[in-house]
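Taking it in order: structure first as structure tokens, then the write-up.
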Amino acid sequence: MSSSAAPESGDPAGVPSGDASADPCAGPSRDLWSVDEHLDDILAAVSPLEPIELQLPEAQGCVLVEDVTVPVALPPFDNSSMDGYAVRVADVAGATEEFPAVLTVIGDVAAGADGLPVVGPGEAARIMTGAPLPPGAEAVVPVEWTDGGTGEGAASGMRAASAAPEGAGGEVRVHRPAEARAHVRARGSDVQAGDLALEAGTVLGPPQIGLLAAIGRATVRVRPRPRVVVLSTGSELVQPGEELAEGQIYDSNSFALAAAAREAGAIAYRVGAVTDDAETLRATIEDQLIRADLLVTTGGVSVGAYDVVKETLTADGRVDFRKLAMQPGKPQGFGTIGPEHTPLLALPGNPVSSYVSFEIFVRPAIRALMGLDDLHRPRVRAVLKADKALSSPAGRRQFLRGTYDAESGAVTPVGGAGSHLIAALAHANCLLVVPEEATAVEPGQELDVVLLG
């Protein structure tokens with residue numbers, strides 16, 4: 001049951017009283033696992049994916065496994081940062097609009113040009129942004145500081161070389177002086193040859209891809225993005241856009257978890273809802289193994305007669321189903337499946353339970369597959385802002401939805417504690433963490449907050 005509004009078995013939608021005797025799983029029984037124990041087991045079984053060599057366009061989002069050094073300086077030569085004129089400093093010293101320096105224009109220097117003209121005394125070369133500084137020139141004066149070779153007032157730009165080739169010759173009047181190296185980007189001012197460009201462990205985003213291209217790297221050695229298959233279960237589930245019959249609901253979990261997997265850095269494949277039939281589920285999982293580094297199921301992990309995920313995977317013997325000391329998300333499953341021992345995480349079906357479980361267990365597993373050291377969402381301490389105290393079940397780590405205001409350092413709960421309240425989740429930007437030993441948190445108290453997004 002992937003997106004059912006019914007509370008999980010043993011995980012009531014309301015906030016329990018905290019009476020351990022009312023919970024058959026509470027107390028010292030080994031049947032109840034802590035959040036940390038379950039997470040430790042998952043991470044112990046997940047190894048980083050093997051590195052591969054990828055072309056730059058395919059490497060985006062992947063994690064670098066080698067230090068990359070700079071083979072050539074950037075920029076590789078002195079070049080102009082402006083469209084204007086390359087000049088000698090002495091020739092424009094003291095220039096004003098009333099008494100401009102009049103220089104002979106000896107040609108154009110465009111980006112990518114070679115065979116550069118030599119700028120001698122009393123001469124200037126028209127130069128474009130990014131073009132190499134020609135020999136003899138010491139500075140660049142922007143075209144707006146000149147008459148642009150027109151013999152008139154201050155120029156606002158250059159005429160296109162194709163439309164006005166005569167601009168490369170004649171005279172130019174310069175109205176301002178320039179210091180040495182003015183508007184010149186020095187060779188190696190960005191990075192020097194031999195510098196460390198990117199460290200191993202860097203996630204390659206657009207700026208990093210751009211830097212690799214700028215230093216001439218066509219390929220790079222990385223850990224690939226994990227392929228995560230998300231599969232929801234439940235005969236009651238209908239795909240969005242289809243018409244609902246009585247007793248049916250829309251499948252939201254597979255969409256939310258696939259989006260969460262992509263946000264975590266994975267390549268996500270969403271499988272349409274599978275009916276509550278063990279053979280169908282087993283066949284679907286087997287079909288998906290060919291494209292999965294990690295399988296995530298949602299629904300069917302509790303104690304109901306139609307909880308086929310638990311029925312199917314328990315029979316295979318390599319997936320362990322547990323009750324965790326957490327709310328929401330008490331029923332969880334983890335193990336491996338298939339000939340390659342692909343990790344599988346089985347999450348509860350209620351929407352909030354499945355999303356919280358993803359953030360606490362699946363996201364770290366994805367980040368571990370990527371080979372990252374930083375596996376978890378950032379956490380901060382925040383002051384509870386609420387009209388009344390929050391109650392929490394004894395012995396359970398509770399995760400509540402909330403909105404965190406960084407400026408005030410305060411967090412406000414959003415919605416109730418029910419594991420079916422997905423609308424409140426859509427308006428939350430964090431999870432409030434109430435520790436196992438606390439049965440109440442008073443307004444003004446501090447607590448841990450997991451920042452989302």
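Chains: A, B, ... in order of the structure tokens. Residues: from 1 per chain. Ligands: from 1, in order shown.
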Excluding same-chain residues fewer than 6 positions from Leu324 (chain A), what lies within 8 Å of it counting only C-alpha atoms, as a compact mmCIF listing (two decimals) with C-alpha atoms, in the first residue's frame?
# COMPACT_ATOMS: atom_id res chain seq x y z
CA LEU A 32 13.00 -3.01 18.14
CA TRP A 33 15.99 -1.45 16.38
CA SER A 34 17.27 2.08 16.77
CA VAL A 35 17.46 4.49 13.84
CA HIS A 38 19.51 0.39 11.03
CA LYS A 330 8.50 2.16 12.18
CA PRO A 331 8.44 -0.78 9.69
CA GLN A 332 11.57 -0.96 7.50
Counting only C-alpha atoms, which residues of region 198-314 of chain A fall within 12 Å of region 65-71 of chain A, and what is the closest atom pair for each with its distance in Å at one decimal, ordered by chain and rising number, as a Markdown table?
| residue | atom | partner | partner_atom | distance |
| --- | --- | --- | --- | --- |
| A:Leu198 | CA | A:Val68 | CA | 5.2 |
| A:Glu199 | CA | A:Asp67 | CA | 4.6 |
| A:Ala200 | CA | A:Glu66 | CA | 4.5 |
| A:Gly201 | CA | A:Val65 | CA | 5.9 |
| A:Thr202 | CA | A:Val65 | CA | 8.0 |
| A:Val203 | CA | A:Val65 | CA | 9.7 |
| A:Leu204 | CA | A:Val65 | CA | 10.8 |
| A:Gln208 | CA | A:Val68 | CA | 10.9 |
| A:Ile209 | CA | A:Val68 | CA | 11.9 |
| A:Leu211 | CA | A:Val70 | CA | 9.6 |
| A:Leu212 | CA | A:Val68 | CA | 8.5 |
| A:Ala213 | CA | A:Val70 | CA | 11.0 |
| A:Ala214 | CA | A:Val70 | CA | 9.6 |
| A:Ile215 | CA | A:Val70 | CA | 6.3 |
| A:Gly216 | CA | A:Pro71 | CA | 8.0 |
| A:Arg217 | CA | A:Val68 | CA | 9.3 |
| A:Thr219 | CA | A:Val68 | CA | 11.3 |
| A:Val220 | CA | A:Glu66 | CA | 8.5 |
| A:Arg221 | CA | A:Val65 | CA | 6.1 |
| A:Val222 | CA | A:Val65 | CA | 5.1 |
| A:Arg223 | CA | A:Val65 | CA | 6.7 |
| A:Pro224 | CA | A:Val65 | CA | 10.3 |
Considering only C-alpha atoms, tabulate each residue of region 172-251 of chain A that lies at most 10 Å from region 308-313 of chain A along with its nearest interatomic pair and the corresponding distance in Å to one decimal; arrange the rows by chain and ascending residue number and present them as JSON lines.
{"residue": "A:Ser232", "atom": "CA", "partner": "A:Val309", "partner_atom": "CA", "distance": 9.7}
{"residue": "A:Thr233", "atom": "CA", "partner": "A:Val309", "partner_atom": "CA", "distance": 7.7}
{"residue": "A:Gly234", "atom": "CA", "partner": "A:Val308", "partner_atom": "CA", "distance": 8.7}
Quick one: write out the picked residues with C-alpha atoms as a PDB file, in the first residue's frame?
ATOM      1  CA  SER A 232       5.626   1.396  -5.350  1.00  0.00           C
ATOM      2  CA  THR A 233       3.225  -1.390  -4.458  1.00  0.00           C
ATOM      3  CA  GLY A 234      -0.497  -1.548  -3.866  1.00  0.00           C
TER       4      GLY A 234
END
Write down as a ChimeraX atom specification the residues of region 113-307 of chain A whose backbone DSSP state falls under strand (DSSP E or B). /A:123-127,132,139-142,146,171-174,184-185,191,196-198,203,219-223,227-233,237-238,249-250,267-274,294-298
Could I get the residues of region 51-160 of chain A with an atom no further than 9 Å from an atom of region 181-197 of chain A, each paired with its nearest atom pair and that distance in Å to one decimal, using only C-alpha atoms, sorted by chain and residue number, as CSV?
residue,atom,partner,partner_atom,distance
A:Asp67,CA,A:Leu196,CA,7.1
A:Val68,CA,A:Ala197,CA,5.5
A:Thr69,CA,A:Leu196,CA,4.4
A:Val70,CA,A:Ala193,CA,5.0
A:Pro71,CA,A:Ala193,CA,5.1
A:Val72,CA,A:Ala193,CA,4.6
A:Ala73,CA,A:Gln192,CA,4.4
A:Leu74,CA,A:Gly188,CA,4.7
A:Pro75,CA,A:Arg187,CA,5.1
A:Pro76,CA,A:Arg187,CA,5.4
A:Phe77,CA,A:Arg187,CA,4.5
A:Asp78,CA,A:Ala186,CA,4.6
A:Asn79,CA,A:Arg185,CA,5.2
A:Ser80,CA,A:Val184,CA,4.8
A:Ser81,CA,A:His183,CA,5.3
A:Met82,CA,A:His183,CA,6.4
A:Val89,CA,A:Arg181,CA,8.9
A:Gly130,CA,A:Arg185,CA,8.5
A:Leu133,CA,A:Val184,CA,7.7
A:Glu138,CA,A:Arg181,CA,5.7
A:Ala139,CA,A:Arg181,CA,4.7
A:Val140,CA,A:His183,CA,5.5
A:Val141,CA,A:His183,CA,7.3
A:Pro142,CA,A:His183,CA,8.0
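Scanning region 15-244 of chain A with DSSP on the backbone, the alpha helix (DSSP H) assignments fall on Val35, Asp36, Glu37, His38, Leu39, Asp40, Asp41, Ile42, Leu43, Ala44, Ala45, Leu56, Pro57, Glu58, Ala59, Val89, Ala90, Asp91, Val92, Pro206, Pro207, Gln208, Ile209, Gly210, Leu211, Leu212, Ala213 and Ala214 of chain A.
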Contact check, region 198-301 of chain A to region 363-386 of chain A, at most 12 Å, counting only C-alpha atoms, closest pairs as a Markdown table:
| residue | atom | partner | partner_atom | distance |
| --- | --- | --- | --- | --- |
| A:Ala200 | CA | A:Leu372 | CA | 10.0 |
| A:Gly201 | CA | A:Leu372 | CA | 6.4 |
| A:Thr202 | CA | A:Leu372 | CA | 8.5 |
| A:Val203 | CA | A:Leu372 | CA | 8.6 |
| A:Leu204 | CA | A:Met370 | CA | 11.8 |
| A:Val222 | CA | A:Met370 | CA | 9.2 |
| A:Arg223 | CA | A:Met370 | CA | 6.1 |
| A:Pro224 | CA | A:Met370 | CA | 6.9 |
| A:Arg225 | CA | A:Met370 | CA | 6.3 |
| A:Pro226 | CA | A:Leu369 | CA | 6.4 |
| A:Arg227 | CA | A:Ile366 | CA | 9.0 |
| A:Val228 | CA | A:Ile366 | CA | 8.2 |
| A:Val229 | CA | A:Ile366 | CA | 11.6 |
| A:Leu257 | CA | A:Arg363 | CA | 10.0 |
| A:Ala258 | CA | A:Arg363 | CA | 11.3 |
| A:Ala259 | CA | A:Arg363 | CA | 11.5 |
| A:Ala260 | CA | A:Arg363 | CA | 8.0 |
| A:Ala261 | CA | A:Arg363 | CA | 7.1 |
| A:Arg262 | CA | A:Ile366 | CA | 9.9 |
| A:Glu263 | CA | A:Arg363 | CA | 9.2 |
| A:Ala264 | CA | A:Arg363 | CA | 6.2 |
| A:Gly265 | CA | A:Arg367 | CA | 7.5 |
| A:Ala266 | CA | A:Ile366 | CA | 6.9 |
| A:Ile267 | CA | A:Ile366 | CA | 10.1 |
| A:Ala268 | CA | A:Ile366 | CA | 10.9 |
| A:Ala292 | CA | A:Ile366 | CA | 11.8 |
| A:Asp293 | CA | A:Leu369 | CA | 8.3 |
| A:Leu294 | CA | A:Ile366 | CA | 7.9 |
| A:Leu295 | CA | A:Ile366 | CA | 10.6 |
| A:Val296 | CA | A:Ala365 | CA | 10.9 |
List the spatial neighbours of Ile42 (chain A) as a short mmCIF file (atom, residue, chain, number, x, y, z; two decimals) with N, CA and C atoms, in the first residue's frame - criterion: any atom at most 10 Å away, only C-alpha atoms, same-chain residues fewer than 6 positions off excluded.
data_model
loop_
_atom_site.label_atom_id
_atom_site.label_comp_id
_atom_site.auth_asym_id
_atom_site.auth_seq_id
_atom_site.Cartn_x
_atom_site.Cartn_y
_atom_site.Cartn_z
N ASP A 36 19.81 4.60 14.40
CA ASP A 36 21.24 4.56 14.11
C ASP A 36 21.72 3.15 13.77
N PHE A 334 15.61 -4.03 4.81
CA PHE A 334 16.88 -3.81 4.12
C PHE A 334 17.58 -5.13 3.88
N GLY A 335 18.21 -5.23 2.70
CA GLY A 335 19.00 -6.41 2.37
C GLY A 335 19.52 -6.29 0.96
N PRO A 343 21.73 -3.78 -3.36
CA PRO A 343 21.05 -3.33 -2.13
C PRO A 343 19.59 -2.97 -2.41
N LEU A 344 18.73 -3.33 -1.46
CA LEU A 344 17.31 -3.00 -1.56
C LEU A 344 16.85 -2.44 -0.23
N LEU A 345 16.19 -1.31 -0.28
CA LEU A 345 15.58 -0.72 0.90
C LEU A 345 14.07 -0.72 0.72
N PHE A 361 17.50 7.19 5.53
CA PHE A 361 18.20 5.95 5.17
C PHE A 361 18.65 5.88 3.71
N VAL A 362 17.77 6.24 2.78
CA VAL A 362 18.10 6.05 1.35
C VAL A 362 19.08 7.11 0.87
N PRO A 364 21.48 8.79 2.44
CA PRO A 364 22.87 8.45 2.79
C PRO A 364 23.42 7.28 1.98
N ALA A 365 22.57 6.28 1.66
CA ALA A 365 23.03 5.14 0.87
C ALA A 365 23.42 5.59 -0.54
N ALA A 368 26.68 7.35 -0.33
CA ALA A 368 27.77 6.39 -0.12
C ALA A 368 28.14 5.70 -1.43
#
Can you work out the spacing between CA of Phe358 (chain A) and CA of Thr342 (chain A) in Å, to one decimal?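 Distance reported for this atom pair: 17.3 Å.
Every protein or nucleic acid residue with an atom no more than 12 Å from Gly241 (chain A), counting only C-alpha atoms and leaving out same-chain residues fewer than 6 positions away, appears here: Ile249, Tyr250, Asp251 and Ser252 of chain A.
With only C-alpha atoms as the atoms that count, the minimum distance from Arg176 (chain A) to the choices A:Gly453, A:Gly395, A:Gly107, A:Gly94 is reached by A:Gly94.
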If I take CA of Gly402 (chain A) and CA of Asp40 (chain A), how far is one from the other in Å, to one decimal?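 For CA of Gly402 (chain A) relative to CA of Asp40 (chain A), the distance reads 26.2 Å.
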Identify, on the basis of only C-alpha atoms, every residue whose closest approach to region 438-441 of chain A does not exceed 8 Å; exclude the query and any residue fewer than 5 positions from it along the same chain; express the result as number ranges by chain. A: 18, 384, 389-395
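Here CA of Asn350 (chain A) and CA of Asn253 (chain A) stand 8.2 Å from one another.
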Using only C-alpha atoms, which of the listed residues (A:Pro351, A:Gly338, A:Pro206, A:Pro134) sits closest to Leu425 (chain A)? A:Pro351
Please list as a PyMOL selection string every residue within 12 Å of Glu144 (chain A), counting only C-alpha atoms and excluding residues in the same chain fewer than 4 positions away. chain A and resi 82-85+97+140+148-149+153-158+172-176
How would the residues just picked look written out with all heavy atoms as a short mmCIF file (atom, residue, chain, number, x, y, z; two decimals), in the first residue's frame?
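Written file, again.cif:
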data_model
loop_
_atom_site.label_atom_id
_atom_site.label_comp_id
_atom_site.auth_asym_id
_atom_site.auth_seq_id
_atom_site.Cartn_x
_atom_site.Cartn_y
_atom_site.Cartn_z
N MET A 82 38.92 44.25 -22.48
CA MET A 82 38.00 45.24 -23.04
C MET A 82 38.15 45.29 -24.55
O MET A 82 39.19 44.92 -25.11
CB MET A 82 38.30 46.64 -22.48
CG MET A 82 38.25 46.76 -20.96
SD MET A 82 36.59 46.70 -20.30
CE MET A 82 35.96 48.30 -20.78
N ASP A 83 37.11 45.78 -25.22
CA ASP A 83 37.24 46.20 -26.61
C ASP A 83 37.82 47.61 -26.59
O ASP A 83 37.27 48.50 -25.92
CB ASP A 83 35.89 46.22 -27.31
CG ASP A 83 35.28 44.83 -27.44
OD1 ASP A 83 36.04 43.87 -27.65
OD2 ASP A 83 34.05 44.71 -27.33
N GLY A 84 38.91 47.81 -27.31
CA GLY A 84 39.53 49.14 -27.29
C GLY A 84 40.79 49.18 -28.13
O GLY A 84 40.84 48.59 -29.22
N TYR A 85 41.83 49.83 -27.57
CA TYR A 85 43.08 50.00 -28.30
C TYR A 85 44.26 49.63 -27.40
O TYR A 85 44.31 50.05 -26.24
CB TYR A 85 43.23 51.45 -28.78
CG TYR A 85 42.23 51.80 -29.86
CD1 TYR A 85 40.93 52.21 -29.53
CD2 TYR A 85 42.57 51.71 -31.21
CE1 TYR A 85 40.00 52.51 -30.51
CE2 TYR A 85 41.64 52.02 -32.20
CZ TYR A 85 40.36 52.40 -31.84
OH TYR A 85 39.44 52.70 -32.83
N GLU A 97 40.15 65.07 -22.97
CA GLU A 97 39.24 65.30 -24.08
C GLU A 97 39.61 66.56 -24.86
O GLU A 97 39.45 66.62 -26.09
CB GLU A 97 37.79 65.41 -23.56
CG GLU A 97 37.24 64.09 -23.04
CD GLU A 97 35.75 64.16 -22.75
OE1 GLU A 97 35.10 65.10 -23.25
OE2 GLU A 97 35.24 63.29 -22.02
N VAL A 140 45.61 48.67 -22.31
CA VAL A 140 44.48 48.77 -23.22
C VAL A 140 43.60 49.92 -22.76
O VAL A 140 43.26 50.01 -21.57
CB VAL A 140 43.67 47.46 -23.26
CG1 VAL A 140 42.40 47.63 -24.09
CG2 VAL A 140 44.50 46.32 -23.82
N GLY A 148 37.06 56.34 -31.35
CA GLY A 148 36.81 55.18 -32.19
C GLY A 148 37.35 55.33 -33.60
O GLY A 148 36.95 54.58 -34.50
N GLY A 149 38.25 56.30 -33.80
CA GLY A 149 38.82 56.51 -35.14
C GLY A 149 37.94 57.31 -36.06
O GLY A 149 38.21 57.40 -37.26
N GLY A 153 33.35 62.81 -31.41
CA GLY A 153 33.38 62.73 -29.95
C GLY A 153 33.61 61.30 -29.47
O GLY A 153 33.99 60.42 -30.24
N ALA A 154 33.36 61.11 -28.15
CA ALA A 154 33.60 59.80 -27.54
C ALA A 154 32.77 58.73 -28.22
O ALA A 154 31.57 58.92 -28.50
CB ALA A 154 33.27 59.86 -26.06
N ALA A 155 33.40 57.59 -28.49
CA ALA A 155 32.72 56.48 -29.16
C ALA A 155 31.96 55.64 -28.15
O ALA A 155 32.34 55.55 -26.98
CB ALA A 155 33.74 55.63 -29.90
N SER A 156 30.88 55.04 -28.61
CA SER A 156 30.12 54.13 -27.74
C SER A 156 30.42 52.68 -28.06
O SER A 156 30.03 51.77 -27.33
CB SER A 156 28.61 54.38 -27.89
OG SER A 156 28.22 54.20 -29.25
N GLY A 157 31.12 52.43 -29.15
CA GLY A 157 31.48 51.07 -29.54
C GLY A 157 32.25 51.07 -30.84
O GLY A 157 32.51 52.13 -31.42
N MET A 158 32.60 49.90 -31.28
CA MET A 158 33.33 49.75 -32.54
C MET A 158 32.38 49.31 -33.64
O MET A 158 31.46 48.52 -33.41
CB MET A 158 34.44 48.70 -32.39
CG MET A 158 35.58 49.11 -31.49
SD MET A 158 36.83 47.80 -31.45
CE MET A 158 38.05 48.56 -30.37
N VAL A 172 43.45 57.43 -34.20
CA VAL A 172 42.50 57.38 -33.11
C VAL A 172 42.91 58.41 -32.08
O VAL A 172 44.10 58.61 -31.82
CB VAL A 172 42.42 55.97 -32.47
CG1 VAL A 172 43.73 55.57 -31.82
CG2 VAL A 172 41.28 55.91 -31.45
N ARG A 173 41.91 59.10 -31.53
CA ARG A 173 42.16 60.09 -30.49
C ARG A 173 41.79 59.47 -29.14
O ARG A 173 40.66 59.02 -28.95
CB ARG A 173 41.36 61.36 -30.76
CG ARG A 173 41.92 62.17 -31.92
CD ARG A 173 40.96 63.25 -32.38
NE ARG A 173 41.59 64.12 -33.38
CZ ARG A 173 41.79 63.78 -34.66
NH1 ARG A 173 41.38 62.58 -35.09
NH2 ARG A 173 42.37 64.61 -35.49
N VAL A 174 42.74 59.47 -28.21
CA VAL A 174 42.55 58.88 -26.88
C VAL A 174 42.38 60.01 -25.89
O VAL A 174 43.21 60.93 -25.82
CB VAL A 174 43.76 58.00 -26.49
CG1 VAL A 174 43.56 57.40 -25.10
CG2 VAL A 174 43.96 56.90 -27.52
N HIS A 175 41.28 59.97 -25.11
CA HIS A 175 40.90 61.08 -24.23
C HIS A 175 41.33 60.91 -22.78
O HIS A 175 41.12 61.82 -21.97
CB HIS A 175 39.37 61.27 -24.26
CG HIS A 175 38.84 61.50 -25.64
ND1 HIS A 175 37.62 60.99 -26.06
CD2 HIS A 175 39.35 62.17 -26.69
CE1 HIS A 175 37.40 61.34 -27.31
NE2 HIS A 175 38.44 62.07 -27.72
N ARG A 176 41.90 59.76 -22.43
CA ARG A 176 42.30 59.53 -21.03
C ARG A 176 43.64 58.79 -21.00
O ARG A 176 43.92 57.98 -21.89
CB ARG A 176 41.28 58.69 -20.27
CG ARG A 176 39.90 59.28 -20.15
CD ARG A 176 39.08 58.45 -19.18
NE ARG A 176 37.65 58.64 -19.35
CZ ARG A 176 36.71 58.00 -18.68
NH1 ARG A 176 37.08 57.10 -17.77
NH2 ARG A 176 35.42 58.23 -18.88
#
